[in-house]
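Novice: Here it is, the structure, as structure tokens.
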Amino acid sequence: MKNIKKLIKYIGVIIIIVLIIALFSPTWTPHIKGENSISALEQVEINGSSHEIMIRGNDKDNPVIIVVHGGPGSPETPYADKYYDLLESNFTIVNYDQRASGKSYHFFEDYSDLSTDLLVDDLLALTDYITERLGKEKVILMSHSSGTYIGIQAAYKSPEKYEAYVGIGQMSDTKESEMESLNYCITQAKKAGNTDDVSYLQGLTEQIESGDMVTPRDYVMKYGGATRLIDNPDGDNIGVLLSSEYNLLDVIRYNYGMGYSQEKLLNHILENPSPNIVTKLEIPIYFAMGKHDYMTSYHAAKKYFDMIEANKKEFITFEQSAHYPQFEEKEKFYEWMCDTFIK
């Protein structure tokens with residue numbers, strides 16, 4: 001009996017030690033070889049708040065891309081080096097965890113003023129920091145999912161800072177997009193014979209049609225409207241924990257930040273869709289959309305693209321992808337980026 005108690009005690013001590021190590025273990029981003037390469041992961045003060053920034057690229061002289069992640073509150077930092085490895089050969093990629101998201105979520109910081117306007121201001125301030133640090137006059141602004149809501153407003157407010165705007169999984173008329181998502185899920189549920197899913201989803205029609213809620217994302221993912229060729233990277237706590245960029249404390253912050261950001265920001269985004277805010281851009285605009293995207297509807301994005309004014313614009317369709325064409329068809333995306341921006 002004494003031996004069993006000792007064993008339990010030792011196991012408890014080991015578990016505590018492992019948890020402490022997991023919580024506070026050092027984080028880093030893998031090194032990139034080369035005399036002029038850069039691979040940095042660091043906290044930087046931006047617009048009055050400490051932001052986590054990751055900069056990666058084979059050559060600092062290459063064109064710079066700032067990536068605006070979606071969610072709200074779902075940073076790409078933990079898996080960016082996996083999916084942007086091709087881009088890193090010809091571009092310098094800047095990922096950052098937005099205010100109150102991921103490693104930029106600080107437990108004792110007051111986020112009561114968190115808003116989409118504040119995130120736009122943060123992005124503009126970050127752009128100034130990056131252009132000065134890397135010696136660039138302009139950068140390419142690449143936004144994904146709900147990040148497009150932030151990115152397109154930044155491009156509208158300060159076009160002089162950006163070479164071009166690239167919207168991936170572009171947000172558009174949110175009510176129209178969400179109704180398409182709902183109808184898609186109902187259709188797929190009927191095909192699969194999932195009568196319970198059909199009944200539940202049909203019961204949400206009035207709320208979604210009125211803009212009071214979005215189509216539940218677990219159903220969009222279940223029926224292939226989020227990813228087709230990869231597993232959904234957002235919310236993968238194990239994958240995030242196993243990355244070198246995040247430790248267990250960061251995973252906890254990731255989940256707190258995601259919940260808080262969505263609670264604070266989603267209603268505003270639903271009530272004030274992008275087409276009501278930005279109808280014209282003074283820089284080249286590109287929408288990169290997966291054909292099977294029902295997180296941010298392909299068809300609604302195309303309608304927004306057709307109505308927005310720009311001297312140069314292009315709508316690029318990725319036939320095999322859903323919401324993550326830059327990851328699902330990363331070779332094709334890399335080739336398109338090089339053809340478009342490498343002179």
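In the structure tokens, chains take the letters A, B, ... in the order shown, each chain's residues start at 1, and ligands count up from 1 in the order shown.
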Excluding region 81-85 of chain A and any residue of its chain fewer than 6 positions from it, enumerate the residues within 12 Å of it, using only C-alpha atoms, and give them as JSON, numbers by chain.

Specialist: {"A": [28, 29, 30, 31, 32, 39, 40, 41, 54, 55, 56, 57, 58, 65, 67, 91, 92, 93, 94, 95, 230, 233, 239, 240, 243, 244, 245, 324, 325, 326, 327, 328, 329, 330, 331, 333, 334, 337]}

Novice: With C-alpha atoms retained, write the just-selected residues as a compact mmCIF listing (two decimals), in the first residue's frame.

Specialist:
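Result file again33.txt:
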```txt
# COMPACT_ATOMS: atom_id res chain seq x y z
CA TRP A 28 10.91 29.99 -31.53
CA THR A 29 10.43 29.79 -35.28
CA PRO A 30 12.71 27.46 -37.29
CA HIS A 31 15.87 29.03 -38.67
CA ILE A 32 16.13 29.78 -42.39
CA SER A 39 13.37 34.11 -39.10
CA ALA A 40 12.18 36.13 -36.12
CA LEU A 41 9.49 35.52 -33.49
CA MET A 54 6.76 36.43 -36.86
CA ILE A 55 8.88 37.39 -39.87
CA ARG A 56 10.22 34.70 -42.19
CA GLY A 57 11.94 34.76 -45.57
CA ASN A 58 14.98 33.58 -47.52
CA ILE A 65 3.69 40.29 -47.43
CA VAL A 67 -0.77 38.45 -43.47
CA PHE A 91 8.75 36.82 -50.36
CA THR A 92 9.29 37.90 -46.77
CA ILE A 93 6.18 36.82 -44.85
CA VAL A 94 4.99 38.76 -41.80
CA ASN A 95 2.43 37.01 -39.60
CA ILE A 230 -6.27 19.42 -45.66
CA PRO A 233 -5.98 24.21 -39.19
CA GLY A 239 -1.26 20.91 -33.61
CA VAL A 240 -0.77 24.38 -32.10
CA SER A 243 4.44 23.80 -32.98
CA SER A 244 7.67 25.48 -31.91
CA GLU A 245 5.98 28.89 -31.91
CA TYR A 324 -8.08 27.87 -47.43
CA PRO A 325 -6.85 27.91 -51.06
CA GLN A 326 -3.48 29.34 -49.99
CA PHE A 327 -2.95 26.14 -47.97
CA GLU A 328 -5.02 23.57 -49.86
CA GLU A 329 -3.47 24.43 -53.23
CA LYS A 330 -0.33 26.11 -51.98
CA GLU A 331 1.71 25.25 -55.10
CA PHE A 333 -1.13 29.86 -54.98
CA TYR A 334 2.66 30.26 -54.87
CA MET A 337 1.80 35.09 -56.35
```

Novice: Among the residues of region 116-257 of chain A, find those DSSP assigns to strand (DSSP E or B) from the backbone and print them as a list in words.

Specialist: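 Filtering region 116-257 of chain A to strand (DSSP E or B) leaves Val139, Ile140, Leu141, Met142, Ser143, His144, Tyr162, Glu163, Ala164, Tyr165, Val166, Gly167 and Ile168 of chain A.
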
Novice: For the helix (DSSP H, G or I) assignment from backbone DSSP, which residues of region 97-313 of chain A qualify? Please present them as number ranges by chain.

Specialist: A: 102-104, 116-134, 147-157, 159-161, 174-191, 195-202, 205-209, 217-222, 237-242, 248-271, 274-276, 298-307

Novice: Find the residues near Leu119 (chain A): any atom within 8 Å, counting only C-alpha atoms, skip ones fewer than 6 places away on the same chain, and give them as a PDB file with all heavy atoms, in the first residue's frame.

Specialist:
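The result, written out as around-v7.pdb:
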```pdb
ATOM      1  N   GLN A  98      -3.189  39.249 -33.851  1.00  0.00           N
ATOM      2  CA  GLN A  98      -3.893  40.517 -33.633  1.00  0.00           C
ATOM      3  C   GLN A  98      -4.125  40.769 -32.142  1.00  0.00           C
ATOM      4  O   GLN A  98      -4.071  39.847 -31.321  1.00  0.00           O
ATOM      5  CB  GLN A  98      -5.224  40.505 -34.381  1.00  0.00           C
ATOM      6  CG  GLN A  98      -5.080  40.465 -35.900  1.00  0.00           C
ATOM      7  CD  GLN A  98      -6.364  40.112 -36.611  1.00  0.00           C
ATOM      8  OE1 GLN A  98      -7.450  40.297 -36.079  1.00  0.00           O
ATOM      9  NE2 GLN A  98      -6.246  39.591 -37.821  1.00  0.00           N
ATOM     10  N   ARG A  99      -4.350  41.999 -31.812  1.00  0.00           N
ATOM     11  CA  ARG A  99      -4.638  42.387 -30.428  1.00  0.00           C
ATOM     12  C   ARG A  99      -5.695  41.441 -29.827  1.00  0.00           C
ATOM     13  O   ARG A  99      -6.723  41.161 -30.442  1.00  0.00           O
ATOM     14  CB  ARG A  99      -5.153  43.825 -30.401  1.00  0.00           C
ATOM     15  CG  ARG A  99      -5.420  44.389 -29.015  1.00  0.00           C
ATOM     16  CD  ARG A  99      -6.066  45.750 -29.107  1.00  0.00           C
ATOM     17  NE  ARG A  99      -5.214  46.741 -29.746  1.00  0.00           N
ATOM     18  CZ  ARG A  99      -4.642  47.772 -29.120  1.00  0.00           C
ATOM     19  NH1 ARG A  99      -4.830  47.936 -27.820  1.00  0.00           N
ATOM     20  NH2 ARG A  99      -3.905  48.637 -29.804  1.00  0.00           N
ATOM     21  N   ILE A 150     -10.769  43.453 -41.881  1.00  0.00           N
ATOM     22  CA  ILE A 150      -9.786  44.396 -41.350  1.00  0.00           C
ATOM     23  C   ILE A 150      -8.888  44.902 -42.475  1.00  0.00           C
ATOM     24  O   ILE A 150      -8.648  46.105 -42.621  1.00  0.00           O
ATOM     25  CB  ILE A 150      -8.937  43.726 -40.249  1.00  0.00           C
ATOM     26  CG1 ILE A 150      -9.826  43.102 -39.160  1.00  0.00           C
ATOM     27  CG2 ILE A 150      -7.941  44.722 -39.669  1.00  0.00           C
ATOM     28  CD1 ILE A 150     -10.743  44.061 -38.473  1.00  0.00           C
TER      29      ILE A 150
END
```

Novice: Please provide the set of residues having any atom within 12 Å of Gly235 (chain A), restricted to only C-alpha atoms, with same-chain residues fewer than 6 positions apart removed, written as a ChimeraX atom specification.

Specialist: /A:70-76,78-79,102,217-218,241,251-252,254-259

Novice: When you draw a straight line from CA of Val278 (chain A) to CA of Tyr156 (chain A), how long is it in Å?

Specialist: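 Separating CA of Val278 (chain A) from CA of Tyr156 (chain A) is a distance of 6.8 Å.
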
Novice: Counting only C-alpha atoms, figure out which residue out of A:Lys161, A:Lys291, A:Lys302, A:Lys332 gets nearest to Thr317 (chain A).

Specialist: A:Lys291

Novice: Just the residues within 9 Å of Ser25 (chain A), please, counting only C-alpha atoms, with nothing from its chain fewer than 4 positions along; format it as a compact mmCIF listing (two decimals) with N, CA, C and O atoms, in the first residue's frame.

Specialist:
```
# COMPACT_ATOMS: atom_id res chain seq x y z
N ILE A 20 4.51 22.37 -15.96
CA ILE A 20 5.27 23.62 -15.81
C ILE A 20 6.17 23.83 -17.03
O ILE A 20 6.25 24.94 -17.58
N ILE A 21 6.83 22.75 -17.47
CA ILE A 21 7.69 22.84 -18.65
C ILE A 21 6.86 23.21 -19.88
O ILE A 21 7.25 24.08 -20.68
N TYR A 246 4.39 28.04 -30.24
CA TYR A 246 3.46 28.17 -29.12
C TYR A 246 3.79 27.14 -28.04
O TYR A 246 4.11 25.98 -28.35
N ASN A 247 3.69 27.54 -26.78
CA ASN A 247 3.73 26.59 -25.68
C ASN A 247 2.32 26.44 -25.09
O ASN A 247 1.36 27.00 -25.63
N LEU A 248 2.19 25.71 -23.99
CA LEU A 248 0.86 25.45 -23.42
C LEU A 248 0.18 26.73 -22.96
O LEU A 248 -1.04 26.90 -23.14
N LEU A 249 0.94 27.65 -22.39
CA LEU A 249 0.36 28.93 -21.98
C LEU A 249 -0.20 29.68 -23.19
O LEU A 249 -1.27 30.29 -23.12
```

Novice: Residues within 9 Å of Ser181 (chain A), please, as a list in words. Count only C-alpha atoms; anything in the same chain fewer than 6 positions from it doesn't count.

Specialist: Val214, Thr215, Val220, Gly225, Asp293, Tyr294, Met295, Thr296 and Ser297 of chain A

Novice: Determine the nearest neighbour of Ser89 (chain A) from the options A:Ile53, A:Leu114, A:Gly34, A:Thr205, counting only C-alpha atoms.

Specialist: A:Gly34

Novice: Hey, which of A:Ile208, A:Ile342, A:Ile152, A:Met289 ends up closest to Pro275 (chain A)? Count only C-alpha atoms.

Specialist: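 Closest candidate: A:Ile152.
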
Novice: As an exercise, work out the distance from CA of Val44 (chain A) to CA of Ile283 (chain A) in Å and give it to one decimal place.

Specialist: 28.1 Å
